[in-house]
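Text of data11.cif (mmCIF, C-alpha atoms) as supplied:
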data_run
#
loop_
_atom_site.label_atom_id
_atom_site.label_comp_id
_atom_site.auth_asym_id
_atom_site.auth_seq_id
_atom_site.Cartn_x
_atom_site.Cartn_y
_atom_site.Cartn_z
CA MET A 942 147.54 50.81 7.54
CA GLU A 943 146.04 53.04 4.89
CA SER A 944 146.74 50.67 1.99
CA VAL A 945 143.76 49.84 -0.20
CA LEU A 946 144.13 46.12 0.52
CA PHE A 947 144.02 46.68 4.27
CA LEU A 948 140.97 48.95 4.03
CA VAL A 949 139.14 46.36 1.90
CA PHE A 950 140.00 43.74 4.53
CA VAL A 951 138.63 45.99 7.29
CA ALA A 952 135.44 46.57 5.30
CA GLY A 953 135.02 42.81 4.89
CA LEU A 954 135.41 42.24 8.62
CA ALA A 955 132.88 44.98 9.34
CA LEU A 956 130.41 43.44 6.87
CA VAL A 957 130.53 40.02 8.54
CA CYS A 958 130.39 41.38 12.10
CA GLU A 959 127.55 43.81 11.38
CA TYR A 960 125.53 41.08 9.66
CA ILE A 961 125.74 39.00 12.84
CA ASP A 962 124.93 42.07 14.92
CA SER A 963 121.88 43.26 12.96
CA ALA A 964 120.52 39.75 12.39
CA LEU A 965 121.10 38.20 15.81
CA GLY A 966 121.31 41.15 18.18
CA GLY A 967 125.02 41.53 18.85
CA GLY A 968 128.57 40.86 17.84
CA TYR A 969 129.87 43.85 15.92
CA GLY A 970 131.98 45.49 18.59
CA THR A 971 132.44 42.29 20.60
CA ILE A 972 134.07 40.46 17.67
CA LEU A 973 135.57 43.29 15.64
CA THR A 974 137.30 45.25 18.42
CA PRO A 975 139.64 42.44 19.58
CA ILE A 976 140.42 41.43 15.99
CA LEU A 977 141.50 44.97 15.13
CA LEU A 978 143.56 45.17 18.31
CA ILE A 979 145.24 41.86 17.47
CA LEU A 980 146.13 43.36 14.09
CA GLY A 981 148.09 46.00 15.96
CA LEU A 982 145.74 48.98 15.81
CA ASP A 983 145.56 51.45 18.69
CA LYS A 984 142.58 50.97 21.02
CA ALA A 985 142.27 54.75 21.32
CA MET A 986 141.44 54.81 17.61
CA VAL A 987 139.50 51.55 17.34
CA VAL A 988 136.84 52.00 20.05
CA PRO A 989 135.61 55.46 18.94
CA ALA A 990 135.60 54.27 15.30
CA ILE A 991 133.43 51.30 16.32
CA LEU A 992 131.07 53.68 18.14
CA ILE A 993 130.81 55.95 15.09
CA THR A 994 129.92 53.12 12.72
CA GLU A 995 127.43 51.53 15.11
CA PHE A 996 125.65 54.85 15.53
CA PHE A 997 124.84 54.94 11.82
CA THR A 998 124.18 51.22 11.37
CA GLY A 999 121.92 51.19 14.44
CA ILE A 1000 119.67 53.90 13.03
CA ILE A 1001 119.51 52.43 9.53
CA SER A 1002 119.00 48.90 10.83
CA ALA A 1003 116.10 50.05 13.04
CA ILE A 1004 114.44 51.82 10.09
CA MET A 1005 114.74 48.72 7.94
CA HIS A 1006 113.50 46.41 10.71
CA HIS A 1007 110.45 48.66 11.07
CA ARG A 1008 109.72 48.67 7.35
CA ALA A 1009 110.18 44.89 7.16
CA GLY A 1010 107.68 44.37 9.98
CA ASN A 1011 110.19 42.89 12.43
CA ALA A 1012 109.27 45.63 14.92
CA ASN A 1013 106.96 48.61 15.23
CA PHE A 1014 108.61 51.92 16.08
CA THR A 1015 105.50 53.99 15.37
CA LEU A 1016 105.08 57.45 16.91
CA GLU A 1017 101.65 58.93 16.24
CA ILE A 1018 99.58 61.87 17.47
CA ASP A 1019 96.11 60.89 18.70
CA ARG A 1020 93.61 63.65 17.93
CA ASN A 1021 90.52 61.95 19.34
CA LEU A 1022 88.13 63.90 21.58
CA ASN A 1023 89.83 67.16 20.64
CA LYS A 1024 92.90 66.17 22.63
CA LYS A 1025 96.37 65.68 21.28
CA ALA A 1026 98.40 62.83 22.70
CA LEU A 1027 101.55 61.11 21.50
CA LEU A 1028 101.01 57.40 20.98
CA ILE A 1029 104.19 55.38 21.23
CA SER A 1030 104.38 51.68 20.36
CA GLN A 1031 105.87 49.28 22.91
CA ASP A 1032 108.87 48.60 20.69
CA ALA A 1033 109.56 52.33 20.48
CA LYS A 1034 109.09 52.80 24.25
CA ILE A 1035 111.56 50.01 25.01
CA ALA A 1036 114.09 51.38 22.54
CA ILE A 1037 113.75 54.88 24.03
CA ILE A 1038 114.16 53.63 27.61
CA LEU A 1039 117.12 51.46 26.66
CA GLY A 1040 118.63 54.41 24.84
CA ILE A 1041 118.15 56.98 27.62
CA PHE A 1042 119.42 54.82 30.45
CA GLY A 1043 121.98 53.30 28.13
CA VAL A 1044 123.46 56.73 27.46
CA LEU A 1045 123.82 57.25 31.23
CA GLY A 1046 125.58 53.91 31.60
CA GLY A 1047 127.77 54.58 28.58
CA VAL A 1048 128.79 58.00 29.88
CA VAL A 1049 129.81 56.57 33.25
CA ALA A 1050 131.72 53.76 31.58
CA ALA A 1051 133.59 56.11 29.26
CA LEU A 1052 134.63 58.24 32.23
CA VAL A 1053 136.00 55.33 34.29
CA ALA A 1054 137.30 53.09 31.49
CA ILE A 1055 140.80 54.49 31.71
CA ASN A 1056 141.13 53.40 35.37
CA ILE A 1057 140.22 49.71 35.02
CA PRO A 1058 142.53 47.07 33.46
CA ALA A 1059 141.17 45.83 30.13
CA ALA A 1060 141.57 42.16 31.11
CA ILE A 1061 139.28 42.54 34.14
CA VAL A 1062 136.64 44.31 32.05
CA ASN A 1063 136.73 41.64 29.35
CA ILE A 1064 136.50 38.73 31.80
CA TYR A 1065 133.48 40.34 33.49
CA ILE A 1066 131.75 40.97 30.15
CA GLY A 1067 132.56 37.46 28.88
CA ILE A 1068 131.07 35.75 31.93
CA LEU A 1069 127.99 37.97 31.96
CA VAL A 1070 127.21 37.55 28.25
CA THR A 1071 127.75 33.78 28.40
CA MET A 1072 125.37 33.43 31.36
CA VAL A 1073 122.62 35.44 29.66
CA GLY A 1074 123.05 33.40 26.46
CA LEU A 1075 122.62 30.19 28.45
CA LEU A 1076 119.40 31.55 29.97
CA VAL A 1077 118.06 32.19 26.47
CA LEU A 1078 119.01 28.66 25.34
CA LEU A 1079 117.31 27.20 28.42
CA ASN A 1080 114.21 29.27 27.59
CA PHE A 1081 114.34 30.89 31.02
CA LYS A 1082 111.70 33.61 31.35
CA TRP A 1083 111.37 36.51 33.76
CA LYS A 1084 108.09 38.36 33.94
CA PHE A 1085 108.37 41.52 31.85
CA SER A 1086 108.79 44.79 33.74
CA TRP A 1087 110.04 48.26 32.82
CA ALA A 1088 112.48 48.16 35.75
CA LYS A 1089 114.18 45.12 34.22
CA ILE A 1090 114.45 46.93 30.87
CA VAL A 1091 116.07 49.92 32.62
CA GLY A 1092 118.56 47.64 34.40
CA ILE A 1093 119.45 45.82 31.19
CA GLY A 1094 120.04 49.12 29.42
CA LEU A 1095 122.31 50.50 32.13
CA LEU A 1096 124.39 47.35 32.48
CA ALA A 1097 124.79 46.74 28.76
CA ALA A 1098 125.73 50.35 28.02
CA PHE A 1099 128.36 50.23 30.75
CA ASN A 1100 129.86 47.27 28.90
CA LYS A 1101 129.75 49.19 25.62
CA GLY A 1102 131.43 52.31 26.94
CA MET A 1103 134.13 50.28 28.67
CA SER A 1104 135.21 48.08 25.80
CA GLY A 1105 133.41 48.98 22.56
CA GLY A 1106 131.45 45.70 22.73
CA GLY A 1107 129.15 43.66 24.93
CA TYR A 1108 126.03 45.80 24.46
CA GLY A 1109 124.00 44.05 21.79
CA PRO A 1110 124.32 40.46 23.09
CA LEU A 1111 123.19 41.48 26.58
CA VAL A 1112 120.35 43.78 25.51
CA SER A 1113 118.85 41.45 22.90
CA SER A 1114 119.16 38.32 25.05
CA GLY A 1115 118.14 40.21 28.19
CA GLN A 1116 114.91 41.28 26.50
CA ILE A 1117 114.20 37.70 25.40
CA VAL A 1118 114.68 36.52 28.99
CA THR A 1119 112.03 39.09 30.03
CA ASP A 1120 109.65 37.40 27.58
CA ARG A 1121 110.07 39.72 24.61
CA ASN A 1122 109.60 38.48 21.05
CA PRO A 1123 113.14 37.71 19.75
CA LYS A 1124 112.68 39.62 16.49
CA GLN A 1125 111.37 42.71 18.28
CA ALA A 1126 114.21 42.41 20.81
CA VAL A 1127 116.86 42.43 18.09
CA ALA A 1128 115.26 45.40 16.31
CA SER A 1129 114.90 47.43 19.55
CA THR A 1130 118.53 46.71 20.33
CA SER A 1131 119.64 48.26 17.02
CA LEU A 1132 117.79 51.52 17.70
CA SER A 1133 118.85 51.88 21.33
CA GLU A 1134 122.46 51.06 20.49
CA ALA A 1135 122.65 54.09 18.21
CA ALA A 1136 121.79 56.38 21.14
CA VAL A 1137 124.26 54.66 23.46
CA CYS A 1138 127.06 54.94 20.92
CA ALA A 1139 126.34 58.65 20.45
CA GLY A 1140 126.50 59.31 24.20
CA ALA A 1141 129.72 57.38 24.73
CA LEU A 1142 131.31 58.95 21.66
CA ILE A 1143 130.58 62.48 22.87
CA ILE A 1144 132.34 61.73 26.15
CA TYR A 1145 135.37 60.32 24.33
CA ILE A 1146 135.53 63.46 22.22
CA LEU A 1147 135.22 65.80 25.21
CA THR A 1148 137.58 64.01 27.57
CA LYS A 1149 140.20 62.29 25.45
CA THR A 1150 142.29 62.88 22.38
CA PHE A 1151 142.11 59.97 19.97
CA PRO A 1152 143.62 59.55 16.52
CA PHE A 1153 140.85 59.85 13.93
CA ASN A 1154 141.52 58.18 10.60
CA PHE A 1155 138.86 59.08 8.05
CA GLN A 1156 139.73 56.26 5.64
CA PHE A 1157 139.59 53.67 8.43
CA VAL A 1158 136.16 54.88 9.62
CA LEU A 1159 134.87 55.02 6.05
CA ALA A 1160 135.99 51.43 5.42
CA LEU A 1161 134.16 50.27 8.55
CA LEU A 1162 131.03 52.18 7.52
CA ALA A 1163 131.05 50.84 3.97
CA GLY A 1164 131.32 47.24 5.11
CA ALA A 1165 128.86 47.50 7.99
CA LEU A 1166 126.14 49.40 6.13
CA SER A 1167 126.24 47.04 3.15
CA SER A 1168 125.31 44.08 5.38
CA VAL A 1169 122.26 45.64 7.06
CA PRO A 1170 119.63 44.88 4.36
CA PHE A 1171 120.63 41.21 4.27
CA ALA A 1172 120.53 40.97 8.07
CA VAL A 1173 117.06 42.52 8.24
CA LEU A 1174 115.80 40.10 5.59
CA THR A 1175 117.25 37.20 7.58
CA VAL A 1176 115.30 38.27 10.68
CA LYS A 1177 112.11 38.60 8.63
CA LYS A 1178 112.40 35.13 7.05
CA ILE A 1179 113.42 33.02 10.08
CA GLN A 1180 110.57 31.60 12.17
CA VAL A 1181 110.41 32.87 15.76
CA GLU A 1182 110.76 29.41 17.32
CA LYS A 1183 114.00 28.91 15.40
CA PHE A 1184 115.23 32.45 15.94
CA GLN A 1185 115.49 32.41 19.74
CA PRO A 1186 117.94 29.46 19.89
CA LEU A 1187 120.11 31.18 17.28
CA VAL A 1188 120.28 34.33 19.42
CA GLY A 1189 121.16 32.22 22.46
CA ILE A 1190 123.90 30.33 20.62
CA ILE A 1191 125.45 33.50 19.20
CA THR A 1192 125.30 35.20 22.61
CA CYS A 1193 127.01 32.28 24.34
CA GLY A 1194 129.58 32.13 21.58
CA LEU A 1195 130.36 35.82 21.93
CA GLY A 1196 130.76 35.45 25.69
CA VAL A 1197 133.12 32.50 25.33
CA TRP A 1198 135.01 34.30 22.54
CA THR A 1199 135.51 37.28 24.85
CA LEU A 1200 136.96 35.05 27.59
CA VAL A 1201 139.19 33.07 25.21
CA LYS A 1202 140.69 36.10 23.50
CA THR A 1203 141.25 37.76 26.90
CA TRP A 1204 143.24 34.81 28.25
CA SER A 1205 144.99 34.03 24.95
CA PHE A 1206 146.34 37.42 23.91
#

Let me see the file written as structure tokens.
Amino acid sequence: MESVLFLVFVAGLALVCEYIDSALGGGYGTILTPILLILGLDKAMVVPAILITEFFTGIISAIMHHRAGNANFTLEIDRNLNKKALLISQDAKIAIILGIFGVLGGVVAALVAINIPAAIVNIYIGILVTMVGLLVLLNFKWKFSWAKIVGIGLLAAFNKGMSGGGYGPLVSSGQIVTDRNPKQAVASTSLSEAAVCAGALIIYILTKTFPFNFQFVLALLAGALSSVPFAVLTVKKIQVEKFQPLVGIITCGLGVWTLVKTWSF
């Protein structure tokens, strides 16, 4: 497993999957995890490695999305009228809420994951992600509310902690369904996903022993990080009216892929 050729192959897979994830709001863990398992790798090693790489790519992707103007994660101190107040942009607020409640959902999922058969988890995630993708394609809109954002964060993070995937497609598409700008939704997903991965990873470390392979994690990181600038540029260049259908198509595809690989392998 530690051969140079294999590690280059892993880095290539990570590059492709992270490009889809950072550009269209999901797909890294959802696609990469089952592929690595099919290749014969141990799930106890794969899922934490996926969480580690997505923690770093989520942070860097969010920074680049902000600098490219795809989202605004500004935190400023208002000093008007001799009062100090922290001004937080809506994109930052949504990312923070998704992150906080996502960590709670991820922690719960990591604690119960060992007790639920993987096939049941994957079928549930596949159906859920496919349905949300269809809603995006049909341009279905719910009126925006913070309660809906909280619910999306909890549900998606539960998916993430259970299987290593299923977070990004649900959070990005879920935000679009609540009438969020697709580009801002994708960028907010990247930032919140970093927090969710950190929370779930801590629980894995505290409660389970998993084989950590430094070379394997490094290969994933190298491939995933190298794709982020290109993904951010893609989001910046694509027109909004063309971007939403792409997110819906990718989300539906990821849901169907999850169901197919569950029943096929």

Interatomic distance, atom CA of A:Gly968 to atom CA of A:Arg1008 (Å, one decimal):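 Straight-line distance from atom CA of A:Gly968 to atom CA of A:Arg1008 works out to 22.9 Å.
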
Test item: the PyMOL selection byres ((chain A and resi 1168) around 10) resolved as a PyMOL selection string: chain A and resi 953+955-964+998+1002+1163-1167+1169-1173

Contacts of A:Ala1088 at 12 Å (all atoms listed in the file; same-chain gap of 2+ positions) as number ranges by chain: A: 1035, 1038-1039, 1042, 1083-1086, 1090-1095, 1116, 1119

Point-to-point distance from atom CA of A:Thr974 to atom CA of A:Trp1204, Å rounded to tenths: 15.5 Å

List as a list in words the residues having at least one atom at most 8 Å from position (124.9, 56.8, 20.3) as given in the file, counting only C-alpha atoms.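 Protein and nucleic acid residues near the point are Leu992, Ile993, Glu995, Phe996, Val1044, Ser1133, Glu1134, Ala1135, Ala1136, Val1137, Cys1138, Ala1139, Gly1140, Ala1141 and Leu1142 of chain A.
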
Which of these residues is nearest to A:Val1176, using all atoms listed in the file: A:Thr1015, A:Thr1192, A:Thr971, A:Asn1122?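 Going through A:Thr1015, A:Thr1192, A:Thr971, A:Asn1122 one by one, the smallest distance to A:Val1176 is for A:Asn1122.
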
Might you pull out every residue within 10 Å of A:Phe1014, with only C-alpha atoms counted and same-chain residues fewer than 3 positions away left off, and present them as number ranges by chain? A: 1003-1004, 1006-1008, 1010-1011, 1017, 1029-1037, 1125, 1128-1129, 1132

Considering all atoms listed in the file, return as a VMD selection string whatever protein or nucleic-acid residues lie within 10 Å of A:Gly1115, sequence-local ones (same chain, fewer than 2 positions apart) excluded. chain A and resid 1070 1073 to 1074 1076 to 1077 1082 to 1083 1089 to 1090 1092 to 1094 1097 1109 to 1113 1117 to 1121 1126

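Atom CA of A:Tyr1108 sits 27.8 Å away from atom CA of A:Leu1028.
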
Which residues are close to A:Lys984, i.e. within 10 Å by all atoms listed in the file, leaving aside same-chain residues fewer than 2 positions away? Reply as JSON, numbers by chain. {"A": [974, 975, 977, 978, 981, 982, 986, 987, 988, 989, 990, 1104, 1105, 1151, 1152]}

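Minimum atom-to-atom distances from A:Gly967, A:Tyr1145, A:Ala1098, A:Val1127 to A:Val1181 were compared using all atoms listed in the file, and the lowest value belongs to A:Val1127.
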
Neighbour list for stretch 1059-1065 of chain A as a PyMOL selection string, cut-off 7 Å, all atoms listed in the file, skip fewer than 2 positions in-chain: chain A and resi 1057+1067-1069+1199-1200+1203

The PyMOL selection byres ((chain A and resi 1157) around 8) on the file shown: which residues, as an mmCIF file with C-alpha atoms, in the frame of the given file?
data_model
loop_
_atom_site.group_PDB
_atom_site.id
_atom_site.type_symbol
_atom_site.label_atom_id
_atom_site.label_comp_id
_atom_site.auth_asym_id
_atom_site.auth_seq_id
_atom_site.Cartn_x
_atom_site.Cartn_y
_atom_site.Cartn_z
ATOM 1 C CA GLU A 943 146.040 53.040 4.890
ATOM 2 C CA LEU A 948 140.970 48.950 4.030
ATOM 3 C CA VAL A 951 138.630 45.990 7.290
ATOM 4 C CA ALA A 990 135.600 54.270 15.300
ATOM 5 C CA ASN A 1154 141.520 58.180 10.600
ATOM 6 C CA PHE A 1155 138.860 59.080 8.050
ATOM 7 C CA GLN A 1156 139.730 56.260 5.640
ATOM 8 C CA VAL A 1158 136.160 54.880 9.620
ATOM 9 C CA LEU A 1159 134.870 55.020 6.050
ATOM 10 C CA ALA A 1160 135.990 51.430 5.420
ATOM 11 C CA LEU A 1161 134.160 50.270 8.550
#

Best match for closeness to A:Ile976 among A:Phe950, A:Phe1081, A:Phe1153, A:Phe997, counting all atoms listed in the file: A:Phe950

Which residue gives the smallest distance to A:Thr1130 among A:Leu1174, A:Val1049, A:Phe1099, A:Ser1114, with only C-alpha atoms counted?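 The closest residue to A:Thr1130 is A:Ser1114.
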